[in-house]
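Report on one structure; see the data block that follows.
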Amino acid sequence: MKKVLIIGAGGVGNVVVRKCAQVPEVFGQIMLASRTKSKCDAIANDIPGANILTAQVDADNVPELVSLIKSFQPYMVINVALPYQDLTIMDACLETGVHYLDTANYEPKDVAKFEYSWQWAYQERFKEKGLMALLGCGFDPGQSQIYVAHAAKHHFDEIHYLDIVDCNAGDHGQAFATNFNPEINIREITQPGRYYENGEWVEIPAMSIHKPIDYPRIGPKESYVLYHEELESLVKNFPTIKRARFWMTFGQQYITHLTVLQNVGMTSIKPIKIQGVEIAPLEFLKAVLPEPGSLGENYTGETSIGCQIKGIKDGKDKTYFIWNNCKHQDAYKDCKAQGVSYTTGVPAMLGAKLMMEGVWMKPGVYNTEEMDPDPFMSQIGKYGLPWEESVGLELPHEY
Ligand code: NDP
C-alpha cells in the first residue's frame with residue numbers, strides 16, 4: 001500500500017485530497033498537512049468513508065517537514081501549498097528519499113519573480129538519489145504542456161507557433177476575488193508581461209497587449225498577454241517554436257478593482273510598519289479577500305483552457321486546437337470546489353497517480369511535457385477534465 005502526503009489545505013489541496021480519495025487502489029493512505037490543521041480536519045471530515053490523516057506543518061521549515069515525512073513515510077509528496085515552499089519541500093524530499101510533485105514554480109517571497117532555474121538546479125541531486133520531481137502539474141502549468149506534447153507526438157513534425165488561451169467565464173457573485181491564492185495571483189498579473197519570439201523574450205508593460213479571443217461554447221472574451229511559467233520550459237523542450245504566448249481573460253470589473261488597489265499601493269510586496277508591526281500591503285489584502293476555496297458554492301459559468309498551435313506536418317502547414325471546458329458547478333458537484341481549483345487539482349492527482357504506478361517514474365526533475373502524454377490523455381477525461389480537439393480548421397483567432 002503506497003501512501004501520499006499532500007501539503008496545503010487551500011482551494012487546490014481540497015480538490016487533490018478528494019480526487020486521491022476517489023482512487024484508493026493507488027493512494028492507499030492519504031495524509032493532508034498544512035499550516036492550519038483545522039482546515040485539514042474540515043476537508044478530511046467532509047469525505048465520507050475515507051481514512052485521511054491530518055497534521056500541522058510549517059512547510060517553510062525543513063526539519064519540521066523531515067520529521068513529518070519520516071513519521072508518515074509516504075511514497076511521494078504533492079505540494080499544493082504556495083510557490084514559496086517549493087524548495088524547502090524539495091529539500092525535505094531529498095533528505096527523506098521521497099518523490100515530489102507541485103503545481104507552481106518557486107518564487108522568492110521578497111521578489112515578484114518566477115522562473116524554473118531554482119528548481120531545475122535540483123536535477124542532479126534528484127537523479128543521484130533515484131528520486132523524481134514533477135514540476136507544475138496543474139492545468140496551466142501542467143495539462144497545457146501535456147497538450148503540447150500530445151500535439152508534437154501525434155500531429156506535428158515541427159511546432160512553430162503556440163498560444164495558450166485561458167478563459168474563466170464564470171461568475172462567483174463577489175465584487176472582487178481571485179480564483180487562486182490572491183497574493184500569488186496578483187503578483188503574477190501586476191508584473192510586466194513577456195512572450196517568446198524568434199529566440200528572444202519580449203517584455204511588455206503589464207496587461208498592455210489584449211484582444212478578444214473566441215472561446216468554445218463561450219464566445220469572444222477580452223484576453224491579455226501575461227508571462228506564464230510554462231512558456232520557459234516549452235520553448236526549451238520544443239526548440240522549433242518561433243513564438244509562444246500566454247493569454248488570460250479578465251472582466252472589466254476585475255481590472256477596475258485591481259487598478260484602484262494598485263493606485264493606492266495595496267498590491268505592493270514591500271513591507272511597511274503599522275503600529276509596530278511589519279506587513280506587506282499585498283499580504284494584508286490577501287487576508288481581507290475571500291479565500292479561493294470558499295468561492296465554489298454559488299459559482300456559475302465555465303472555464304475554457306487550450307492550446308492553439310501552428311506548425312508543419314509532412315511538409316505542409318497545419319493548425320491544431322486542443323482544449324477543455326469545465327463548468328464551475330460540475331466542479332462543485334464532484335469536489336465542493338470552483339473550476340480553477342478543480343482544473344488544477346485533477347491533473348495533480350493524475351500526475352501523482354502515474355508516478356505512484358511507475359508509469360511516469362524516472363529519476364530527475366521534469367516538466368510535464370517531458371513525460372509520455374498518452375497515459376495522461378487517455379485517463380484525464382475519466383477523472384473530470386475531458387479534452388476536445390479540432391484539426392486543420394481555422395484557429396479561433398488570427399495570427
Ligand atoms: P490557497 O491560498 O487556497 O491555499 C494555500 C494553502 O497552503 C493554504 O491552506 C495555506 O495555509 C497553505 N500554506 C501556506 N503557507 C504554508 C506553509 N508555510 N506551511 C504549510 N502550509 C502553508 O491557494 P490555492 O489552493 O489556490 O493554490 C495552491 C497552489 O496551487 C499555489 O501554489 C498556486 O500557485 C497553485 N496553482 C496552480 C495552478 C495551475 O494551473 N498550475 C492554478 C491555480 C493555483 P493557511 O490555510 O494556513 O493559509
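Numbering starts fresh at 1 for the residues of each chain in the C-alpha cells, the chains themselves are lettered A, B, ... in the order given, and ligands are numbered from 1 as they appear.
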Grab me every residue within 7 Å of ligand 1, counting only C-alpha atoms and all ligand atoms, and send it over as a PDB file with C-alpha atoms, in the first residue's frame.
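Done, and the output landed in result.pdb:
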ATOM      1  CA  ILE A   7       0.776  19.652   1.741  1.00  0.00           C
ATOM      2  CA  GLY A   8      -1.562  22.683   1.582  1.00  0.00           C
ATOM      3  CA  ALA A   9      -5.224  22.711   2.602  1.00  0.00           C
ATOM      4  CA  GLY A  10      -6.437  25.545   0.349  1.00  0.00           C
ATOM      5  CA  GLY A  11      -8.662  25.548  -2.730  1.00  0.00           C
ATOM      6  CA  VAL A  12      -6.412  23.204  -4.725  1.00  0.00           C
ATOM      7  CA  GLY A  13      -5.493  20.987  -1.739  1.00  0.00           C
ATOM      8  CA  SER A  34      -0.928  22.357   6.257  1.00  0.00           C
ATOM      9  CA  ARG A  35      -0.158  25.450   8.305  1.00  0.00           C
ATOM     10  CA  THR A  36      -3.660  25.466   9.830  1.00  0.00           C
ATOM     11  CA  LYS A  39      -8.575  23.404   7.615  1.00  0.00           C
ATOM     12  CA  VAL A  57       3.258  21.628   9.421  1.00  0.00           C
ATOM     13  CA  ASP A  58       5.175  24.781   8.628  1.00  0.00           C
ATOM     14  CA  ALA A  59       6.423  23.981   5.134  1.00  0.00           C
ATOM     15  CA  ASP A  60       8.998  26.783   5.312  1.00  0.00           C
ATOM     16  CA  VAL A  80      -0.149  22.374  -3.163  1.00  0.00           C
ATOM     17  CA  ALA A  81       0.910  24.954  -0.570  1.00  0.00           C
ATOM     18  CA  LEU A  82       2.398  28.125  -2.071  1.00  0.00           C
ATOM     19  CA  PRO A  83       5.294  28.565  -4.538  1.00  0.00           C
ATOM     20  CA  GLN A  85       7.589  26.495  -0.149  1.00  0.00           C
ATOM     21  CA  THR A 103       1.687  22.853  -9.436  1.00  0.00           C
ATOM     22  CA  ALA A 104       3.571  26.175  -9.497  1.00  0.00           C
ATOM     23  CA  GLY A 136       3.966  22.326 -12.469  1.00  0.00           C
ATOM     24  CA  CYS A 137       1.407  19.531 -12.812  1.00  0.00           C
ATOM     25  CA  GLY A 138      -1.794  21.597 -12.556  1.00  0.00           C
ATOM     26  CA  PHE A 139      -3.679  22.837 -15.615  1.00  0.00           C
ATOM     27  CA  ASP A 140      -1.517  25.730 -16.705  1.00  0.00           C
ATOM     28  CA  PRO A 141       1.249  24.935 -15.981  1.00  0.00           C
ATOM     29  CA  GLY A 142       0.620  21.208 -16.336  1.00  0.00           C
ATOM     30  CA  ASN A 179      -9.586  32.225  -8.130  1.00  0.00           C
ATOM     31  CA  PHE A 180      -6.341  31.070  -6.611  1.00  0.00           C
ATOM     32  CA  ASN A 181      -4.202  32.394  -3.808  1.00  0.00           C
ATOM     33  CA  ILE A 184       0.333  34.764  -5.921  1.00  0.00           C
ATOM     34  CA  GLU A 291     -10.406  32.529   0.153  1.00  0.00           C
ATOM     35  CA  PRO A 292     -10.326  30.814  -3.270  1.00  0.00           C
ATOM     36  CA  GLY A 293     -11.665  27.628  -1.679  1.00  0.00           C
ATOM     37  CA  VAL A 340      -9.990  26.938 -11.154  1.00  0.00           C
ATOM     38  CA  SER A 341      -9.081  24.884  -8.074  1.00  0.00           C
ATOM     39  CA  THR A 343      -8.754  22.192 -13.089  1.00  0.00           C
ATOM     40  CA  THR A 344      -5.527  22.446 -11.045  1.00  0.00           C
TER      41      THR A 344
END
Spatial neighbours of Gln73 (chain A), max dist 9 Å, only C-alpha atoms, sep filter under 6 positions, as a PyMOL selection string
chain A and resi 3-5+96+98
Let me see the file: selected residues, C-alpha atoms, as a PDB file, in the first residue's frame.
ATOM      1  CA  LYS A   3       0.961   6.466   0.915  1.00  0.00           C
ATOM      2  CA  VAL A   4       0.760  10.074  -0.258  1.00  0.00           C
ATOM      3  CA  LEU A   5       1.408  13.233   1.740  1.00  0.00           C
ATOM      4  CA  THR A  96      13.982  11.543   3.309  1.00  0.00           C
ATOM      5  CA  VAL A  98      10.585  10.667  -1.229  1.00  0.00           C
TER       6      VAL A  98
END
Each residue of region 207-293 of chain A lying at most 10 Å from region 323-336 of chain A should get a row with its shortest atom-to-atom pair and the distance in Å to one decimal, counting only C-alpha atoms; could you produce that, ordered by chain and increasing number, as a tab-separated table?
residue	atom	partner	partner_atom	distance
A:Tyr215	CA	A:Asn325	CA	9.3
A:Pro216	CA	A:Asn325	CA	7.8
A:Arg217	CA	A:Asn325	CA	8.3
A:Ile218	CA	A:Asn325	CA	9.3
A:Gly293	CA	A:Lys336	CA	8.7
Quick one: everything within 6 Å of region 252-269 of chain A, counting only C-alpha atoms, minus sequence neighbours fewer than 3 positions away in the same chain. Send it as a ChimeraX atom specification.
/A:280-282
Can you pull out every residue from region 63-172 of chain A that DSSP, working from the backbone, puts in strand (DSSP E or B), and format the result as an MDAnalysis selection string?
chainID A and resid 76:79 99:102 132:135 138 142 158:171
Neighbour list for Val17 (chain A) as a PyMOL selection string, cut-off 8 Å, only C-alpha atoms, skip fewer than 3 positions in-chain:
chain A and resi 6+13-14+20-21+30+32
What lies within 12 Å of Ser144 (chain A) using only C-alpha atoms, ignoring chain neighbours under 6 positions off, as JSON, numbers by chain?
{"A": [136, 137, 138, 150, 151, 162, 163, 164, 165, 166, 228, 229, 230, 231, 233, 234, 246, 304, 305, 306, 307, 308, 309, 321, 322, 323, 324, 343, 344, 347, 367, 368, 369, 373, 376, 377, 387]}
From a DSSP pass on the backbone, collect the residues of region 111-288 of chain A flagged as alpha helix (DSSP H) and hand them back as an MDAnalysis selection string.
chainID A and resid 117:120 123:128 143:154 182:190 230:237 252:263 281:288
Pro239 (chain A): which residues within 10 Å, counting only C-alpha atoms, same-chain residues fewer than 5 positions away excluded, as an NGL selection string?
:A and (158-160 or 199 or 234)
Using only C-alpha atoms, which residues sit within 7 Å of Tyr227 (chain A) once same-chain residues fewer than 4 positions away are excluded, as a PyMOL selection string?
chain A and resi 193-195+246
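Checking A:Pro24, A:Pro220, A:Gly311, A:Pro192 one by one against Ala206 (chain A), counting only C-alpha atoms, you find the shortest gap at A:Pro192.
Across the model, the gap from CA of Asp110 (chain A) to CA of Gln275 (chain A) is 21.6 Å.
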